[in-house]
Amino acid sequence: MSVDCLRDGLARYLPEDKREKLAAASIGIAGAGGLGSNVALLLARSGIEKMLVIDKDRVDASNLNRQQYWPRHLGMRKTEALRELLLELNPRMEIEIYNDEIDAGNLDALIRRRDIWIEALDGAELKRRFAERAAARAAFVAAASGICGIGGDPLMKRKLGNLLIVGDYQSDLCDAPPFAPRVIQAAALMADGVLEYILDS
């Protein structure tokens, strides 16, 4: 099987100039959980070939209901498990990983490493701080809020300058468990926003 099978398949749908634009873009993924792992795979399937993935956690059984991991990944660092999946899909990808926590001490230095960011962190305060700082420094940032449970109001994209926020804008705080369909909906909308930014800019 050719290592370029994904590239070859994308050639059926996208002209060369668009494929080159996607392959040249470099994306930062802040958090490799439900949102981050799904966004990463969606972008890779669309032709993105350069990523920086940041997460400090390891794959746990409680992650398997919505995150892009399999039982074989249990105990692995999420960054390394995600890199394995991405390279299986496209061996030509360039994936840099950072196995540490994002905090006030490294936030700005990390943000400066990429111009396009996916904010997929846990914790409302860290999410807010990262999105605000990234929007001030990066070219484009996609974030999510209000995506838990099942059903509920439709998820939507809202643009505030170079910041894209995906959510229902109702359920920031929710006691329902995070089910895969709604998490993946949000990830798909975030990935769609990134692709739109890259191809239209």
# chains A, B, ... in the order shown; residues from 1 in each chain; ligands from 1
>>> residues_around(residues="Ile97 (chain A)", least_positions_apart="6", cutoff="9 Å", atoms="only C-alpha atoms", output="list in words")
Met51, Leu52, Val53, Ile54, Asp55, Thr79, Glu80 and Arg83 of chain A
>>> closest_atom_pairs(of="region 60-127 of chain A", to="region 6-25 of chain A", cutoff="12 Å", atoms="only C-alpha atoms", output="JSON lines")
{"residue": "A:Leu86", "atom": "CA", "partner": "A:Leu6", "partner_atom": "CA", "distance": 11.3}
{"residue": "A:Leu87", "atom": "CA", "partner": "A:Leu6", "partner_atom": "CA", "distance": 11.0}
{"residue": "A:Glu88", "atom": "CA", "partner": "A:Leu6", "partner_atom": "CA", "distance": 10.3}
{"residue": "A:Leu89", "atom": "CA", "partner": "A:Leu6", "partner_atom": "CA", "distance": 7.1}
{"residue": "A:Asn90", "atom": "CA", "partner": "A:Leu6", "partner_atom": "CA", "distance": 6.4}
{"residue": "A:Pro91", "atom": "CA", "partner": "A:Leu6", "partner_atom": "CA", "distance": 9.4}
{"residue": "A:Arg92", "atom": "CA", "partner": "A:Arg7", "partner_atom": "CA", "distance": 9.6}
{"residue": "A:Met93", "atom": "CA", "partner": "A:Ala23", "partner_atom": "CA", "distance": 8.8}
{"residue": "A:Glu94", "atom": "CA", "partner": "A:Ala23", "partner_atom": "CA", "distance": 10.0}
{"residue": "A:Arg114", "atom": "CA", "partner": "A:Ala25", "partner_atom": "CA", "distance": 9.5}
{"residue": "A:Asp115", "atom": "CA", "partner": "A:Ala25", "partner_atom": "CA", "distance": 8.9}
{"residue": "A:Ile116", "atom": "CA", "partner": "A:Ala25", "partner_atom": "CA", "distance": 8.3}
{"residue": "A:Trp117", "atom": "CA", "partner": "A:Ala25", "partner_atom": "CA", "distance": 11.1}
>>> residues_around(residues="region 63-77 of chain A", least_positions_apart="2", cutoff="7 Å", atoms="only C-alpha atoms", output="CSV table (one decimal) with N, CA and C atoms, in the first residue's frame")
chain,number,residue,atom,x,y,z
A,33,GLY,N,-8.0,15.6,24.0
A,33,GLY,CA,-9.1,14.8,24.6
A,33,GLY,C,-10.3,14.7,23.5
A,34,GLY,N,-11.5,14.8,24.0
A,34,GLY,CA,-12.7,14.6,23.1
A,34,GLY,C,-12.7,15.6,21.9
A,37,SER,N,-8.6,15.4,20.0
A,37,SER,CA,-8.3,14.2,19.2
A,37,SER,C,-9.2,14.1,18.0
A,38,ASN,N,-10.5,14.4,18.1
A,38,ASN,CA,-11.4,14.3,17.0
A,38,ASN,C,-11.0,15.4,15.9
A,57,ASP,N,-2.0,14.3,29.8
A,57,ASP,CA,-2.7,13.1,30.3
A,57,ASP,C,-2.4,11.8,29.5
A,58,ARG,N,-2.8,10.7,30.1
A,58,ARG,CA,-2.7,9.4,29.5
A,58,ARG,C,-4.1,8.9,29.2
A,59,VAL,N,-4.2,8.0,28.2
A,59,VAL,CA,-5.5,7.5,27.8
A,59,VAL,C,-6.1,6.6,28.9
A,60,ASP,N,-7.3,6.9,29.3
A,60,ASP,CA,-8.0,6.1,30.4
A,60,ASP,C,-9.3,5.5,29.8
A,61,ALA,N,-9.8,4.5,30.4
A,61,ALA,CA,-11.0,3.8,29.9
A,61,ALA,C,-12.2,4.8,29.8
A,79,THR,N,-0.8,12.3,23.6
A,79,THR,CA,-0.1,12.8,22.5
A,79,THR,C,0.5,11.7,21.7
A,80,GLU,N,1.1,10.7,22.3
A,80,GLU,CA,1.8,9.7,21.6
A,80,GLU,C,0.7,8.7,20.9
A,81,ALA,N,-0.4,8.5,21.6
A,81,ALA,CA,-1.4,7.7,20.9
A,81,ALA,C,-2.0,8.4,19.7
A,179,PHE,N,-21.3,12.8,25.7
A,179,PHE,CA,-21.5,11.7,24.7
A,179,PHE,C,-20.8,12.1,23.4
A,180,ALA,N,-20.4,11.0,22.7
A,180,ALA,CA,-19.6,11.1,21.5
A,180,ALA,C,-20.3,12.0,20.4
A,183,VAL,N,-20.0,15.8,21.1
A,183,VAL,CA,-18.6,16.2,21.1
A,183,VAL,C,-18.0,16.2,19.7
>>> closest_atom_pairs(of="region 4-76 of chain A", to="region 141-144 of chain A", cutoff="10 Å", atoms="only C-alpha atoms", output="Markdown table")
| residue | atom | partner | partner_atom | distance |
| --- | --- | --- | --- | --- |
| A:Ile27 | CA | A:Val141 | CA | 9.8 |
| A:Gly28 | CA | A:Val141 | CA | 9.3 |
| A:Ile29 | CA | A:Ala142 | CA | 9.8 |
| A:Ala30 | CA | A:Ala143 | CA | 9.9 |
| A:Leu35 | CA | A:Ala144 | CA | 8.4 |
>>> atom_distance(atom1="CA of Leu82 (chain A)", atom2="CA of Gly146 (chain A)")
24.4 Å
>>> closest_residue(among="A:Ala32, A:Val194, A:Ile150, A:Met156", to="Lys78 (chain A)", atoms="only C-alpha atoms")
A:Ala32
>>> atom_distance(atom1="CA of Ile95 (chain A)", atom2="CA of Lys50 (chain A)")
5.9 Å
>>> closest_residue(among="A:Leu85, A:Ala104, A:Arg182, A:Ala138", to="Asp153 (chain A)", atoms="only C-alpha atoms")
A:Arg182
>>> select_by_dssp(residues="chain A", states="alpha helix (DSSP H)", output="PyMOL selection string")
chain A and resi 5-10+16-24+34-45+78-89+107-111+124-137+180-200
>>> write_last_selection(atoms="C-alpha atoms", output="PDB file, in the first residue's frame")
ATOM      1  CA  CYS A   5      -2.817   6.808  -0.343  1.00  0.00           C
ATOM      2  CA  LEU A   6      -4.517   9.641   1.574  1.00  0.00           C
ATOM      3  CA  ARG A   7      -2.847  12.230  -0.655  1.00  0.00           C
ATOM      4  CA  ASP A   8      -3.831  10.243  -3.726  1.00  0.00           C
ATOM      5  CA  GLY A   9      -7.422  10.041  -2.534  1.00  0.00           C
ATOM      6  CA  LEU A  10      -7.630  13.775  -1.786  1.00  0.00           C
ATOM      7  CA  GLU A  16      -3.256  20.735  -6.342  1.00  0.00           C
ATOM      8  CA  ASP A  17      -3.100  24.342  -5.146  1.00  0.00           C
ATOM      9  CA  LYS A  18      -5.627  23.676  -2.383  1.00  0.00           C
ATOM     10  CA  ARG A  19      -3.894  20.438  -1.351  1.00  0.00           C
ATOM     11  CA  GLU A  20      -0.593  22.311  -1.115  1.00  0.00           C
ATOM     12  CA  LYS A  21      -2.200  25.060   0.961  1.00  0.00           C
ATOM     13  CA  LEU A  22      -3.614  22.541   3.420  1.00  0.00           C
ATOM     14  CA  ALA A  23      -0.369  20.549   3.614  1.00  0.00           C
ATOM     15  CA  ALA A  24       1.606  23.725   4.335  1.00  0.00           C
ATOM     16  CA  GLY A  34     -12.658  14.635  23.126  1.00  0.00           C
ATOM     17  CA  LEU A  35     -12.417  17.772  21.036  1.00  0.00           C
ATOM     18  CA  GLY A  36      -8.699  17.805  20.276  1.00  0.00           C
ATOM     19  CA  SER A  37      -8.312  14.183  19.213  1.00  0.00           C
ATOM     20  CA  ASN A  38     -11.359  14.345  16.952  1.00  0.00           C
ATOM     21  CA  VAL A  39     -10.388  17.682  15.404  1.00  0.00           C
ATOM     22  CA  ALA A  40      -6.873  16.369  14.744  1.00  0.00           C
ATOM     23  CA  LEU A  41      -8.150  13.332  12.818  1.00  0.00           C
ATOM     24  CA  LEU A  42     -10.706  15.389  10.887  1.00  0.00           C
ATOM     25  CA  LEU A  43      -8.047  17.887   9.835  1.00  0.00           C
ATOM     26  CA  ALA A  44      -5.590  15.140   8.923  1.00  0.00           C
ATOM     27  CA  ARG A  45      -8.230  13.476   6.732  1.00  0.00           C
ATOM     28  CA  LYS A  78      -2.578  10.931  24.639  1.00  0.00           C
ATOM     29  CA  THR A  79      -0.085  12.843  22.518  1.00  0.00           C
ATOM     30  CA  GLU A  80       1.754   9.654  21.573  1.00  0.00           C
ATOM     31  CA  ALA A  81      -1.418   7.656  20.928  1.00  0.00           C
ATOM     32  CA  LEU A  82      -2.766  10.437  18.720  1.00  0.00           C
ATOM     33  CA  ARG A  83       0.526  10.700  16.847  1.00  0.00           C
ATOM     34  CA  GLU A  84       0.358   6.951  16.199  1.00  0.00           C
ATOM     35  CA  LEU A  85      -3.142   7.269  14.717  1.00  0.00           C
ATOM     36  CA  LEU A  86      -2.256  10.298  12.612  1.00  0.00           C
ATOM     37  CA  LEU A  87       0.851   8.652  11.167  1.00  0.00           C
ATOM     38  CA  GLU A  88      -1.115   5.496  10.418  1.00  0.00           C
ATOM     39  CA  LEU A  89      -3.463   7.642   8.344  1.00  0.00           C
ATOM     40  CA  LEU A 107       1.115  29.824  27.769  1.00  0.00           C
ATOM     41  CA  ASP A 108       2.484  32.677  25.659  1.00  0.00           C
ATOM     42  CA  ALA A 109       5.574  30.769  24.507  1.00  0.00           C
ATOM     43  CA  LEU A 110       3.436  27.861  23.334  1.00  0.00           C
ATOM     44  CA  ILE A 111       0.941  30.100  21.534  1.00  0.00           C
ATOM     45  CA  ALA A 124     -13.382  27.045  32.153  1.00  0.00           C
ATOM     46  CA  GLU A 125     -10.687  29.435  33.386  1.00  0.00           C
ATOM     47  CA  LEU A 126      -7.854  27.842  31.398  1.00  0.00           C
ATOM     48  CA  LYS A 127     -10.078  27.634  28.302  1.00  0.00           C
ATOM     49  CA  ARG A 128     -10.940  31.335  28.594  1.00  0.00           C
ATOM     50  CA  ARG A 129      -7.356  32.434  29.221  1.00  0.00           C
ATOM     51  CA  PHE A 130      -5.945  30.363  26.355  1.00  0.00           C
ATOM     52  CA  ALA A 131      -8.615  31.507  23.870  1.00  0.00           C
ATOM     53  CA  GLU A 132      -8.144  35.176  24.777  1.00  0.00           C
ATOM     54  CA  ARG A 133      -4.352  35.064  24.618  1.00  0.00           C
ATOM     55  CA  ALA A 134      -4.284  32.993  21.452  1.00  0.00           C
ATOM     56  CA  ALA A 135      -6.791  35.287  19.731  1.00  0.00           C
ATOM     57  CA  ALA A 136      -4.544  38.229  20.601  1.00  0.00           C
ATOM     58  CA  ARG A 137      -1.407  36.573  19.173  1.00  0.00           C
ATOM     59  CA  ALA A 180     -19.619  11.143  21.481  1.00  0.00           C
ATOM     60  CA  PRO A 181     -22.215  12.516  19.011  1.00  0.00           C
ATOM     61  CA  ARG A 182     -22.294  16.023  20.455  1.00  0.00           C
ATOM     62  CA  VAL A 183     -18.558  16.185  21.117  1.00  0.00           C
ATOM     63  CA  ILE A 184     -17.814  15.052  17.564  1.00  0.00           C
ATOM     64  CA  GLN A 185     -20.355  17.545  16.183  1.00  0.00           C
ATOM     65  CA  ALA A 186     -18.431  20.334  17.901  1.00  0.00           C
ATOM     66  CA  ALA A 187     -15.094  18.968  16.697  1.00  0.00           C
ATOM     67  CA  ALA A 188     -16.408  18.811  13.129  1.00  0.00           C
ATOM     68  CA  LEU A 189     -17.569  22.427  13.254  1.00  0.00           C
ATOM     69  CA  MET A 190     -14.208  23.527  14.651  1.00  0.00           C
ATOM     70  CA  ALA A 191     -12.340  21.632  11.928  1.00  0.00           C
ATOM     71  CA  ASP A 192     -14.681  23.082   9.299  1.00  0.00           C
ATOM     72  CA  GLY A 193     -13.891  26.581  10.543  1.00  0.00           C
ATOM     73  CA  VAL A 194     -10.160  25.952  10.323  1.00  0.00           C
ATOM     74  CA  LEU A 195     -10.426  24.599   6.778  1.00  0.00           C
ATOM     75  CA  GLU A 196     -12.549  27.552   5.742  1.00  0.00           C
ATOM     76  CA  TYR A 197      -9.960  29.947   7.169  1.00  0.00           C
ATOM     77  CA  ILE A 198      -7.044  28.232   5.428  1.00  0.00           C
ATOM     78  CA  LEU A 199      -8.655  27.825   2.025  1.00  0.00           C
ATOM     79  CA  ASP A 200     -10.367  31.220   1.892  1.00  0.00           C
TER      80      ASP A 200
END
>>> closest_residue(among="A:Arg112, A:Ile48, A:Gly31, A:Cys148", to="Asn99 (chain A)", atoms="only C-alpha atoms")
A:Gly31
>>> closest_residue(among="A:Val3, A:Leu121, A:Leu163, A:Leu155", to="Ala139 (chain A)", atoms="only C-alpha atoms")
A:Leu163
>>> atom_distance(atom1="CA of Ile147 (chain A)", atom2="CA of Asp122 (chain A)")
12.6 Å
>>> closest_residue(among="A:Gly105, A:Gly47, A:Gly123, A:Gly167", to="Gly152 (chain A)", atoms="only C-alpha atoms")
A:Gly167
